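Trainee: I'm passing along protein24.tsv; it holds TSV, C-alpha atoms and all ligand atoms.
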```
chain	number	residue	atom	x	y	z
A	16	MET	CA	4.85	14.99	13.55
A	17	THR	CA	4.20	11.69	15.16
A	18	PRO	CA	3.99	8.99	12.52
A	19	THR	CA	1.77	9.84	9.61
A	20	GLY	CA	-0.74	12.06	11.33
A	21	ALA	CA	-2.86	14.60	9.60
A	22	THR	CA	0.30	16.09	8.23
A	23	ALA	CA	0.93	12.93	6.35
A	24	ALA	CA	-1.46	14.44	3.94
A	25	LEU	CA	1.50	16.64	3.12
A	26	VAL	CA	1.05	17.37	-0.51
A	27	LEU	CA	2.05	19.90	-2.97
A	28	ALA	CA	-0.68	21.61	-4.88
A	29	VAL	CA	0.46	23.01	-8.14
A	30	LEU	CA	-2.00	25.32	-9.71
A	31	THR	CA	-1.53	25.83	-13.38
A	32	LEU	CA	-3.14	29.00	-14.48
A	33	ALA	CA	-4.81	29.22	-17.77
A	34	HIS	CA	-5.66	32.56	-19.26
A	35	HIS	CA	-8.95	33.66	-17.80
A	36	ALA	CA	-10.10	35.03	-21.12
A	37	SER	CA	-10.89	31.45	-22.06
A	38	LEU	CA	-13.22	30.80	-19.17
A	39	ALA	CA	-16.67	29.68	-20.12
A	40	ALA	CA	-18.93	32.44	-18.85
A	41	ALA	CA	-21.91	30.35	-17.77
A	42	GLY	CA	-20.53	27.35	-15.90
A	43	GLY	CA	-17.52	29.11	-14.43
A	44	PRO	CA	-14.09	27.67	-14.95
A	45	ARG	CA	-13.63	23.97	-15.55
A	46	VAL	CA	-11.15	22.42	-13.12
A	47	ILE	CA	-9.43	19.05	-13.08
A	48	ILE	CA	-8.15	17.86	-9.72
A	49	VAL	CA	-5.51	15.14	-9.79
A	50	GLY	CA	-5.82	12.93	-6.71
A	51	ALA	CA	-8.72	12.13	-4.35
A	52	GLY	CA	-6.80	12.17	-1.07
A	53	MET	CA	-7.29	14.66	1.73
A	54	SER	CA	-5.94	17.62	-0.22
A	55	GLY	CA	-7.67	16.86	-3.55
A	56	ILE	CA	-11.04	16.25	-1.90
A	57	SER	CA	-10.63	19.36	0.28
A	58	ALA	CA	-9.69	21.47	-2.75
A	59	GLY	CA	-12.84	20.28	-4.54
A	60	LYS	CA	-14.93	21.20	-1.52
A	61	ARG	CA	-13.46	24.70	-1.39
A	62	LEU	CA	-14.09	25.19	-5.11
A	63	SER	CA	-17.69	23.94	-4.77
A	64	GLU	CA	-18.31	26.34	-1.92
A	65	ALA	CA	-17.02	29.14	-4.16
A	66	GLY	CA	-19.53	28.14	-6.84
A	67	ILE	CA	-17.02	26.32	-9.03
A	68	THR	CA	-18.72	22.99	-9.64
A	69	ASP	CA	-17.53	22.00	-13.11
A	70	LEU	CA	-14.95	19.60	-11.67
A	71	VAL	CA	-13.39	16.29	-12.53
A	72	ILE	CA	-11.34	14.49	-9.90
A	73	LEU	CA	-8.97	11.93	-11.39
A	74	GLU	CA	-7.83	9.33	-8.86
A	75	ALA	CA	-5.22	6.69	-9.67
A	76	THR	CA	-6.46	4.05	-7.20
A	77	ASP	CA	-9.90	2.50	-6.77
A	78	HIS	CA	-10.74	4.50	-3.66
A	79	VAL	CA	-10.98	7.91	-2.05
A	80	GLY	CA	-8.68	8.87	0.83
A	81	GLY	CA	-5.14	8.59	-0.53
A	82	ARG	CA	-2.78	7.78	2.27
A	83	MET	CA	-5.62	7.76	4.75
A	84	HIS	CA	-6.41	4.15	4.11
A	85	LYS	CA	-7.50	1.16	6.14
A	86	ARG	CA	-6.92	-2.50	5.46
A	87	ASP	CA	-8.12	-5.71	7.01
A	88	PHE	CA	-5.54	-7.38	9.24
A	89	GLY	CA	-6.35	-10.52	11.22
A	90	GLY	CA	-10.04	-9.68	11.34
A	91	ILE	CA	-9.82	-5.99	12.20
A	92	SER	CA	-9.16	-2.80	10.26
A	93	VAL	CA	-5.75	-1.20	10.67
A	94	GLU	CA	-4.50	2.10	9.32
A	95	MET	CA	-1.97	1.76	6.52
A	96	GLY	CA	-1.16	5.47	6.53
A	97	ALA	CA	-2.24	8.49	8.58
A	98	ASN	CA	-3.13	7.54	12.13
A	99	TRP	CA	-3.00	10.58	14.39
A	100	VAL	CA	-4.74	13.92	14.67
A	101	GLU	CA	-1.75	16.18	15.15
A	102	GLY	CA	-2.18	19.28	17.24
A	103	VAL	CA	-5.15	19.39	19.59
A	104	ASN	CA	-6.01	21.54	22.63
A	105	GLY	CA	-4.11	24.62	21.43
A	106	GLY	CA	-5.01	28.23	20.70
A	107	LYS	CA	-6.63	27.43	17.36
A	108	MET	CA	-8.88	24.53	16.48
A	109	ASN	CA	-7.37	21.93	14.19
A	110	PRO	CA	-10.07	21.63	11.49
A	111	ILE	CA	-9.75	17.83	11.46
A	112	TRP	CA	-10.45	17.52	15.16
A	113	PRO	CA	-14.17	18.42	15.36
A	114	ILE	CA	-14.83	16.12	12.39
A	115	VAL	CA	-13.05	13.25	14.15
A	116	ASN	CA	-14.19	13.81	17.71
A	117	SER	CA	-17.63	15.40	17.36
A	118	THR	CA	-19.18	14.86	13.93
A	119	LEU	CA	-18.03	11.31	13.20
A	120	LYS	CA	-17.05	10.42	16.76
A	121	LEU	CA	-14.19	8.23	15.59
A	122	THR	CA	-12.70	6.27	18.48
A	123	ASN	CA	-9.49	8.00	19.51
A	124	PHE	CA	-6.96	8.14	22.33
A	125	ARG	CA	-4.54	10.83	23.42
A	126	SER	CA	-0.99	9.60	22.95
A	127	ASP	CA	0.64	10.18	26.29
A	128	PHE	CA	4.31	10.98	25.89
A	129	ASP	CA	4.46	12.95	29.14
A	130	ASP	CA	6.49	10.52	31.20
A	131	LEU	CA	9.31	9.87	28.78
A	132	ALA	CA	11.88	10.21	31.58
A	133	SER	CA	10.50	7.10	33.33
A	134	ASN	CA	10.26	5.01	30.19
A	135	VAL	CA	13.70	4.79	28.69
A	136	TYR	CA	15.03	1.23	28.83
A	137	ARG	CA	18.51	-0.21	28.90
A	138	GLU	CA	19.31	-2.67	26.19
A	139	LYS	CA	20.07	-5.40	28.73
A	140	GLY	CA	16.87	-4.75	30.67
A	141	GLY	CA	15.62	-2.31	33.29
A	142	VAL	CA	14.98	1.41	32.99
A	143	TYR	CA	17.42	4.28	33.18
A	144	LYS	CA	17.14	6.41	36.32
A	145	LYS	CA	14.42	9.00	35.84
A	146	ALA	CA	16.52	11.89	37.21
A	147	TYR	CA	19.35	11.11	34.79
A	148	VAL	CA	17.06	10.89	31.77
A	149	GLN	CA	15.31	14.11	32.81
A	150	LYS	CA	18.66	15.91	32.89
A	151	ARG	CA	19.42	14.73	29.36
A	152	ILE	CA	15.93	15.77	28.21
A	153	ASP	CA	16.50	19.23	29.71
A	154	LEU	CA	19.79	19.49	27.82
A	155	SER	CA	18.24	18.47	24.49
A	156	ASP	CA	15.37	20.91	25.11
A	157	LYS	CA	17.92	23.65	25.68
A	158	VAL	CA	19.67	22.83	22.42
A	159	GLN	CA	16.30	22.92	20.67
A	160	GLU	CA	15.47	26.30	22.22
A	161	GLY	CA	18.75	27.61	20.83
A	162	GLY	CA	17.61	26.22	17.48
A	163	GLU	CA	14.30	28.02	17.81
A	164	GLU	CA	16.01	31.35	18.38
A	165	HIS	CA	18.28	30.68	15.45
A	166	SER	CA	15.41	29.61	13.21
A	167	ALA	CA	13.51	32.83	13.95
A	168	LYS	CA	16.44	34.86	12.60
A	169	LEU	CA	16.73	33.03	9.27
A	170	HIS	CA	15.64	34.73	6.09
A	171	LEU	CA	12.08	33.81	5.13
A	172	SER	CA	13.18	32.71	1.66
A	173	GLY	CA	14.86	29.67	3.21
A	174	GLN	CA	18.19	30.64	1.69
A	175	ASP	CA	19.93	30.35	5.08
A	176	ASP	CA	18.17	27.19	6.16
A	177	MET	CA	20.22	24.41	7.76
A	178	SER	CA	19.69	20.86	9.01
A	179	ILE	CA	18.70	19.97	12.57
A	180	LEU	CA	22.12	18.31	12.88
A	181	ALA	CA	23.91	21.51	11.87
A	182	MET	CA	21.85	23.34	14.50
A	183	GLN	CA	22.85	20.76	17.13
A	184	ARG	CA	26.52	21.16	16.20
A	185	LEU	CA	26.13	24.92	16.56
A	186	ASN	CA	24.47	24.65	19.94
A	187	ASP	CA	26.28	21.85	21.73
A	188	HIS	CA	29.48	21.52	19.71
A	189	LEU	CA	29.21	17.77	19.18
A	190	PRO	CA	30.48	17.02	15.67
A	191	ASN	CA	28.29	13.94	15.22
A	192	GLY	CA	25.31	15.15	17.18
A	193	PRO	CA	24.18	13.36	20.33
A	194	SER	CA	26.25	10.18	20.86
A	195	ALA	CA	25.65	8.81	24.40
A	196	ALA	CA	23.01	6.04	24.43
A	197	VAL	CA	20.26	8.01	26.16
A	198	ASP	CA	21.02	11.14	24.13
A	199	MET	CA	20.67	9.13	20.95
A	200	ILE	CA	17.34	7.73	22.12
A	201	LEU	CA	16.06	11.19	22.92
A	202	ASP	CA	17.35	12.45	19.60
A	203	TYR	CA	15.51	9.66	17.83
A	204	PHE	CA	12.34	10.40	19.79
A	205	LYS	CA	12.52	14.13	19.11
A	206	TYR	CA	13.54	14.16	15.48
A	207	ASP	CA	13.84	10.90	13.51
A	208	TYR	CA	10.60	9.47	14.88
A	209	GLU	CA	8.83	12.78	14.49
A	210	PHE	CA	9.87	13.52	10.91
A	211	ALA	CA	10.60	10.02	9.56
A	212	GLU	CA	14.09	11.04	8.48
A	213	PRO	CA	17.44	11.65	10.16
A	214	PRO	CA	18.27	15.09	11.65
A	215	ARG	CA	21.04	15.55	9.09
A	216	VAL	CA	18.43	16.02	6.35
A	217	THR	CA	15.63	17.63	8.34
A	218	SER	CA	15.14	21.36	7.72
A	219	LEU	CA	15.51	23.53	10.81
A	220	GLN	CA	13.41	26.34	9.44
A	221	ASN	CA	10.47	24.14	8.49
A	222	THR	CA	10.31	22.10	11.68
A	223	ILE	CA	11.39	24.30	14.60
A	224	PRO	CA	9.02	25.66	15.61
A	225	LEU	CA	6.44	23.42	13.95
A	226	ALA	CA	3.39	25.39	12.82
A	227	THR	CA	1.02	22.47	13.48
A	228	PHE	CA	1.81	22.32	17.20
A	229	ASN	CA	2.30	26.07	17.54
A	230	ASP	CA	-1.17	26.76	16.21
A	231	PHE	CA	-3.24	23.77	17.20
A	232	GLY	CA	-1.56	22.60	20.41
A	233	ASP	CA	0.91	19.93	21.47
A	234	ASP	CA	-1.45	17.01	21.93
A	235	VAL	CA	-1.79	14.21	19.41
A	236	TYR	CA	-4.70	11.77	19.29
A	237	PHE	CA	-4.44	8.28	17.89
A	238	VAL	CA	-7.42	7.31	15.73
A	239	ALA	CA	-8.43	3.67	16.12
A	240	ASP	CA	-11.88	3.27	14.61
A	241	GLN	CA	-13.13	0.40	12.50
A	242	ARG	CA	-14.59	2.89	10.01
A	243	GLY	CA	-11.02	4.04	9.44
A	244	TYR	CA	-9.45	7.49	9.56
A	245	GLU	CA	-10.41	7.70	5.87
A	246	ALA	CA	-14.00	8.27	7.05
A	247	VAL	CA	-12.94	11.94	7.37
A	248	VAL	CA	-12.20	12.17	3.65
A	249	TYR	CA	-15.45	10.40	2.72
A	250	HIS	CA	-17.28	12.81	5.00
A	251	LEU	CA	-15.79	15.86	3.24
A	252	ALA	CA	-16.38	14.32	-0.20
A	253	GLY	CA	-20.01	13.64	0.69
A	254	GLN	CA	-20.57	17.35	1.30
A	255	TYR	CA	-20.34	18.16	-2.42
A	256	LEU	CA	-20.18	14.87	-4.31
A	257	LYS	CA	-23.17	12.59	-4.67
A	258	ALA	CA	-22.96	9.65	-2.27
A	259	ASP	CA	-25.07	6.53	-1.78
A	260	LYS	CA	-26.71	5.53	1.50
A	261	SER	CA	-23.59	3.79	2.79
A	262	GLY	CA	-21.42	6.82	2.07
A	263	GLY	CA	-19.84	5.49	-1.13
A	264	ILE	CA	-19.16	8.30	-3.62
A	265	ILE	CA	-21.17	7.76	-6.81
A	266	ASP	CA	-20.74	11.23	-8.35
A	267	PRO	CA	-19.64	11.02	-12.00
A	268	ARG	CA	-17.18	13.88	-11.33
A	269	LEU	CA	-15.08	11.42	-9.34
A	270	GLN	CA	-13.20	9.16	-11.74
A	271	LEU	CA	-11.40	6.26	-10.07
A	272	ASN	CA	-8.61	4.13	-11.56
A	273	LYS	CA	-7.43	7.06	-13.65
A	274	VAL	CA	-3.66	7.26	-13.61
A	275	VAL	CA	-2.55	10.66	-14.90
A	276	ARG	CA	0.50	10.48	-17.15
A	277	GLU	CA	0.75	13.83	-18.87
A	278	ILE	CA	-0.36	17.39	-18.18
A	279	SER	CA	-0.02	19.97	-20.95
A	280	TYR	CA	-0.80	23.57	-20.26
A	281	SER	CA	-0.86	26.77	-22.26
A	282	GLY	CA	-2.59	30.14	-22.35
A	283	SER	CA	-5.77	28.53	-23.63
A	284	GLY	CA	-6.21	25.83	-20.99
A	285	VAL	CA	-4.97	22.44	-19.83
A	286	ARG	CA	-5.03	18.95	-21.25
A	287	VAL	CA	-4.64	15.92	-19.00
A	288	GLU	CA	-3.97	12.46	-20.37
A	289	THR	CA	-4.42	9.26	-18.40
A	290	GLU	CA	-2.78	5.84	-18.72
A	291	ASP	CA	-5.82	4.48	-20.56
A	292	ASN	CA	-5.32	7.19	-23.20
A	293	LYS	CA	-8.32	9.25	-22.17
A	294	VAL	CA	-7.97	13.00	-22.56
A	295	TYR	CA	-9.55	15.58	-20.24
A	296	LYS	CA	-9.61	19.28	-21.02
A	297	ALA	CA	-10.22	22.16	-18.64
A	298	ASP	CA	-9.25	25.71	-17.77
A	299	TYR	CA	-7.22	24.75	-14.71
A	300	VAL	CA	-5.63	21.70	-13.21
A	301	MET	CA	-4.75	21.21	-9.55
A	302	VAL	CA	-2.21	18.52	-8.82
A	303	SER	CA	-2.65	17.12	-5.31
A	304	THR	CA	-0.50	14.02	-5.62
A	305	SER	CA	2.16	13.26	-3.04
A	306	LEU	CA	5.62	14.72	-3.20
A	307	GLY	CA	6.85	11.21	-4.00
A	308	VAL	CA	4.79	11.14	-7.19
A	309	LEU	CA	5.95	14.61	-8.21
A	310	GLN	CA	9.60	13.69	-7.64
A	311	SER	CA	9.33	10.44	-9.56
A	312	ASP	CA	8.42	11.99	-12.92
A	313	LEU	CA	5.39	9.70	-13.18
A	314	ILE	CA	3.52	12.72	-14.48
A	315	LYS	CA	5.06	14.52	-17.42
A	316	PHE	CA	4.46	18.26	-17.54
A	317	GLU	CA	4.40	19.92	-20.93
A	318	PRO	CA	6.07	22.41	-20.94
A	319	GLN	CA	8.23	21.49	-17.93
A	320	LEU	CA	7.38	23.23	-14.67
A	321	PRO	CA	9.39	26.39	-14.01
A	322	THR	CA	12.70	25.92	-12.21
A	323	TRP	CA	11.59	27.56	-8.96
A	324	LYS	CA	8.72	25.09	-8.70
A	325	VAL	CA	10.86	22.08	-9.57
A	326	LEU	CA	13.38	23.20	-6.95
A	327	SER	CA	10.70	23.35	-4.26
A	328	ILE	CA	9.57	19.85	-5.19
A	329	TYR	CA	13.07	18.39	-4.99
A	330	GLN	CA	14.08	20.26	-1.85
A	331	PHE	CA	11.96	18.01	0.35
A	332	ASP	CA	12.13	14.34	1.16
A	333	MET	CA	9.20	12.02	0.85
A	334	ALA	CA	9.23	10.57	4.35
A	335	VAL	CA	7.98	7.02	4.69
A	336	TYR	CA	7.12	5.09	7.83
A	337	THR	CA	7.13	1.32	7.84
A	338	LYS	CA	4.31	0.22	10.07
A	339	ILE	CA	4.53	-3.19	11.64
A	340	PHE	CA	1.33	-4.75	12.97
A	341	VAL	CA	1.57	-7.65	15.38
A	342	LYS	CA	-1.43	-9.63	16.59
A	343	PHE	CA	-1.17	-11.29	20.00
A	344	PRO	CA	-3.42	-14.16	21.13
A	345	LYS	CA	-4.50	-12.14	24.14
A	346	LYS	CA	-4.09	-8.74	25.69
A	347	PHE	CA	-1.17	-8.94	28.10
A	348	TRP	CA	-0.55	-5.24	28.68
A	349	PRO	CA	-1.96	-3.39	31.68
A	350	GLU	CA	-5.15	-1.37	31.66
A	351	GLY	CA	-4.93	2.39	32.05
A	352	LYS	CA	-1.73	4.24	31.37
A	353	VAL	CA	-0.09	2.17	28.69
A	354	LEU	CA	3.57	2.74	28.01
A	355	MET	CA	3.69	4.48	24.67
A	356	GLU	CA	7.40	4.21	24.22
A	357	LEU	CA	9.70	1.27	24.53
A	358	LEU	CA	12.99	2.81	23.68
A	359	ARG	CA	16.10	0.73	23.57
A	360	GLY	CA	19.29	1.94	25.17
A	361	SER	CA	22.21	1.53	22.77
A	362	GLY	CA	22.07	3.45	19.61
A	363	VAL	CA	18.87	3.22	17.71
B	401	LIG	C1	-13.85	14.58	22.47
B	401	LIG	O1	-15.23	14.30	22.61
B	401	LIG	C2	-15.60	13.83	23.90
B	401	LIG	C3	-17.04	13.39	23.85
B	401	LIG	O2	-17.87	14.40	23.38
B	401	LIG	C4	-15.35	14.93	24.92
B	401	LIG	O3	-15.70	14.49	26.20
B	401	LIG	C5	-13.87	15.28	24.87
B	401	LIG	O4	-13.61	16.37	25.73
B	401	LIG	C6	-13.42	15.65	23.46
B	401	LIG	N1	-11.98	15.77	23.48
B	401	LIG	C7	-11.33	16.90	23.19
B	401	LIG	C8	-9.87	16.89	23.42
B	401	LIG	O5	-11.89	17.86	22.74
```
Turn this file's structure into structure tokens for me.
Mentor:
Amino acid sequence: MTPTGATAALVLAVLTLAHHASLAAAGGPRVIIVGAGMSGISAGKRLSEAGITDLVILEATDHVGGRMHKRDFGGISVEMGANWVEGVNGGKMNPIWPIVNSTLKLTNFRSDFDDLASNVYREKGGVYKKAYVQKRIDLSDKVQEGGEEHSAKLHLSGQDDMSILAMQRLNDHLPNGPSAAVDMILDYFKYDYEFAEPPRVTSLQNTIPLATFNDFGDDVYFVADQRGYEAVVYHLAGQYLKADKSGGIIDPRLQLNKVVREISYSGSGVRVETEDNKVYKADYVMVSTSLGVLQSDLIKFEPQLPTWKVLSIYQFDMAVYTKIFVKFPKKFWPEGKVLMELLRGSGV
């Protein structure tokens, strides 16, 4: 992924099943959704479409959208979290894309990474020769192709999974992975920058090939709209939750500023308790919080989640990008094809 694109909405939905004998016949099952980000709001929409409308969405913050969130910076809105539509122009349509580009017409730009070979800079100034960089790109592509073949042979359970670094060692026999300046830059571009973590902890099986790009295409589009990327989540919410004229969600089933602290579940249903000591009861609960929240034990599960589920939660890293916004007094960069990458040539 390029930084925090649609996949930044990476979340883990844990569905706790109550015994269906307890379901109220008339209104259908009652469902609590924890979190009003992309996944929680989408889950609610799916349930509504299936006729399950007895919902309560408990959101810890004062807004919808989760990590799709804009903030004012020097007089304009900037994206604090998700910023790209990942995977466009492929065999399948990325469901986010028509909402962004057709329905809401959010201003967006294709991120052009095509000419990487001409845009790798030496630390002391000037670019590396294109032909040389291209050769190194070809080599790293070859190593990755070897990884792809390897990945395809691994057991689906993930029991044979390995890190990207282990794959690189296997394929090019460099004990510390790529180590020449340009190779390190390319490595950073391909892996660290893409997954927000070093190749030594990135799962081969889950990233090569990457389903997002395989299915939806290799292009990524940068969303830069003053309504914010979060407009997508408000749009989906507005399809089943009552909204006011300006698009604000006023449906009583959306409860903001509700920090969930404890979830108890048993054969007869679920009980969710929030920080302000309110108790919500239902037949099911869907937890759509980020992996970071699930790993932090902020929410206590009673009884504890089964080991296989806990293992899945702890097997992944919560990847975090630090975004740095800089405001210049005037636009000094050229019109047209803007250099997307300024990569520095001496270790990264
Ligand atoms: C996005 O929408 C514009 C305007 O309708 C259209 O010209 C363009 O082809 C669309 N882009 C993609 C990649 O679908």
Trainee: For a test of reading the model, state the distance in Å between CA of Ser117 in chain A and CA of Gly66 in chain A, rounded to one decimal.
Mentor: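 Result for CA of Ser117 in chain A versus CA of Gly66 in chain A: 27.4 Å, one decimal.
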Trainee: Can you pull out every residue with an atom within 9 Å of ligand LIG 401 (chain B)? Use all atoms listed in the file and format it as a ChimeraX atom specification.
Mentor: /A:103-104,112-113,115-117,120,123,125,234,236
Trainee: In Å, how far is it from CA of Asp156 in chain A to CA of Glu212 in chain A?
Mentor: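 That distance, rounded to one decimal, is 19.4 Å.
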Trainee: A:Leu119, A:Val294, A:Ala226, A:Val248: which is nearest Lys273 in chain A, counting only C-alpha atoms?
Mentor: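 Between A:Leu119, A:Val294, A:Ala226, A:Val248, the residue approaching Lys273 in chain A most closely is A:Val294.
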Trainee: Quick one: pull the distance between CA of Lys257 in chain A and CA of Val308 in chain A, Å, one decimal.
Mentor: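 Here the two named atoms are 28.1 Å from each other.
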Trainee: Determine, using all atoms listed in the file, which residues of range 248-307 of chain A have any atom at most 7 Å from an atom of range 43-65 of chain A, and tabulate each with its shortest atom pair and distance in Å to one decimal place, rows ordered by chain and then rising number, as a tab-separated table.
Mentor:
```
residue	atom	partner	partner_atom	distance
A:Val248	CA	A:Met53	CA	5.8
A:Leu251	CA	A:Ser57	CA	6.9
A:Ala252	CA	A:Ile56	CA	5.9
A:Tyr255	CA	A:Lys60	CA	6.3
A:Ala297	CA	A:Arg45	CA	4.9
A:Asp298	CA	A:Arg45	CA	5.2
A:Tyr299	CA	A:Val46	CA	4.8
A:Val300	CA	A:Ile47	CA	4.6
A:Met301	CA	A:Ile48	CA	4.8
A:Val302	CA	A:Val49	CA	4.8
A:Ser303	CA	A:Gly55	CA	5.3
A:Thr304	CA	A:Gly50	CA	5.5
```
Trainee: Under the rule of at most 10 Å, produce a per-residue listing of range 176-295 of chain A near range 74-85 of chain A: chain, number, name, the closest pair of atoms, and the distance in Å, as a tab-separated table, using only C-alpha atoms.
Mentor:
```
residue	atom	partner	partner_atom	distance
A:Asp240	CA	A:Lys85	CA	9.8
A:Gln241	CA	A:Lys85	CA	8.5
A:Arg242	CA	A:Lys85	CA	8.3
A:Gly243	CA	A:Lys85	CA	5.6
A:Tyr244	CA	A:Met83	CA	6.2
A:Glu245	CA	A:Met83	CA	4.9
A:Ala246	CA	A:Gly80	CA	8.2
A:Val247	CA	A:Gly80	CA	8.4
A:Val248	CA	A:Gly80	CA	5.6
A:Tyr249	CA	A:Val79	CA	7.0
A:Ala252	CA	A:Val79	CA	8.6
A:Gly263	CA	A:Val79	CA	9.2
A:Ile264	CA	A:Val79	CA	8.3
A:Leu269	CA	A:Glu74	CA	7.6
A:Gln270	CA	A:Glu74	CA	6.1
A:Leu271	CA	A:Glu74	CA	4.9
A:Asn272	CA	A:Ala75	CA	4.6
A:Lys273	CA	A:Ala75	CA	4.6
A:Val274	CA	A:Ala75	CA	4.3
A:Val275	CA	A:Ala75	CA	7.1
A:Thr289	CA	A:Ala75	CA	9.1
A:Glu290	CA	A:Ala75	CA	9.4
```
Trainee: Determine, counting only C-alpha atoms, which protein, DNA and RNA residues have an atom within 8 Å of an atom of range 217-224 of chain A; residues of the same chain fewer than 6 positions away are not included. Present the result as a CSV table (one decimal) with C-alpha atoms, keeping the file's coordinate frame.
Mentor:
```csv
chain,number,residue,atom,x,y,z
A,159,GLN,CA,16.3,22.9,20.7
A,162,GLY,CA,17.6,26.2,17.5
A,163,GLU,CA,14.3,28.0,17.8
A,166,SER,CA,15.4,29.6,13.2
A,167,ALA,CA,13.5,32.8,14.0
A,169,LEU,CA,16.7,33.0,9.3
A,173,GLY,CA,14.9,29.7,3.2
A,176,ASP,CA,18.2,27.2,6.2
A,177,MET,CA,20.2,24.4,7.8
A,178,SER,CA,19.7,20.9,9.0
A,179,ILE,CA,18.7,20.0,12.6
A,180,LEU,CA,22.1,18.3,12.9
A,182,MET,CA,21.8,23.3,14.5
A,210,PHE,CA,9.9,13.5,10.9
```
Trainee: Counting all atoms listed in the file, which residue out of A:Asp233, A:Glu160, A:Asp259, A:Glu288 sits closest to Asp187 in chain A?
Mentor: A:Glu160
Trainee: I want to know what sits within 8 Å of Phe124 in chain A, based on all atoms listed in the file, with residues of the same chain fewer than 5 positions away left out; could you give that as a list of chain:residue names?
Mentor: A:Tyr236, A:Phe237, A:Val238, A:Ala239
Trainee: Can you pull out the residues contacting Val325 in chain A? Cut-off 10 Å, using only C-alpha atoms, and skip same-chain residues under 5 positions away; I want them as an mmCIF file with C-alpha atoms, in the coordinates of the input.
Mentor:
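Wrote it out as out.cif, contents follow:
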```cif
data_model
loop_
_atom_site.group_PDB
_atom_site.id
_atom_site.type_symbol
_atom_site.label_atom_id
_atom_site.label_comp_id
_atom_site.auth_asym_id
_atom_site.auth_seq_id
_atom_site.Cartn_x
_atom_site.Cartn_y
_atom_site.Cartn_z
ATOM 1 C CA LEU A 309 5.950 14.610 -8.210
ATOM 2 C CA GLN A 310 9.600 13.690 -7.640
ATOM 3 C CA GLN A 319 8.230 21.490 -17.930
ATOM 4 C CA LEU A 320 7.380 23.230 -14.670
ATOM 5 C CA GLN A 330 14.080 20.260 -1.850
#
```
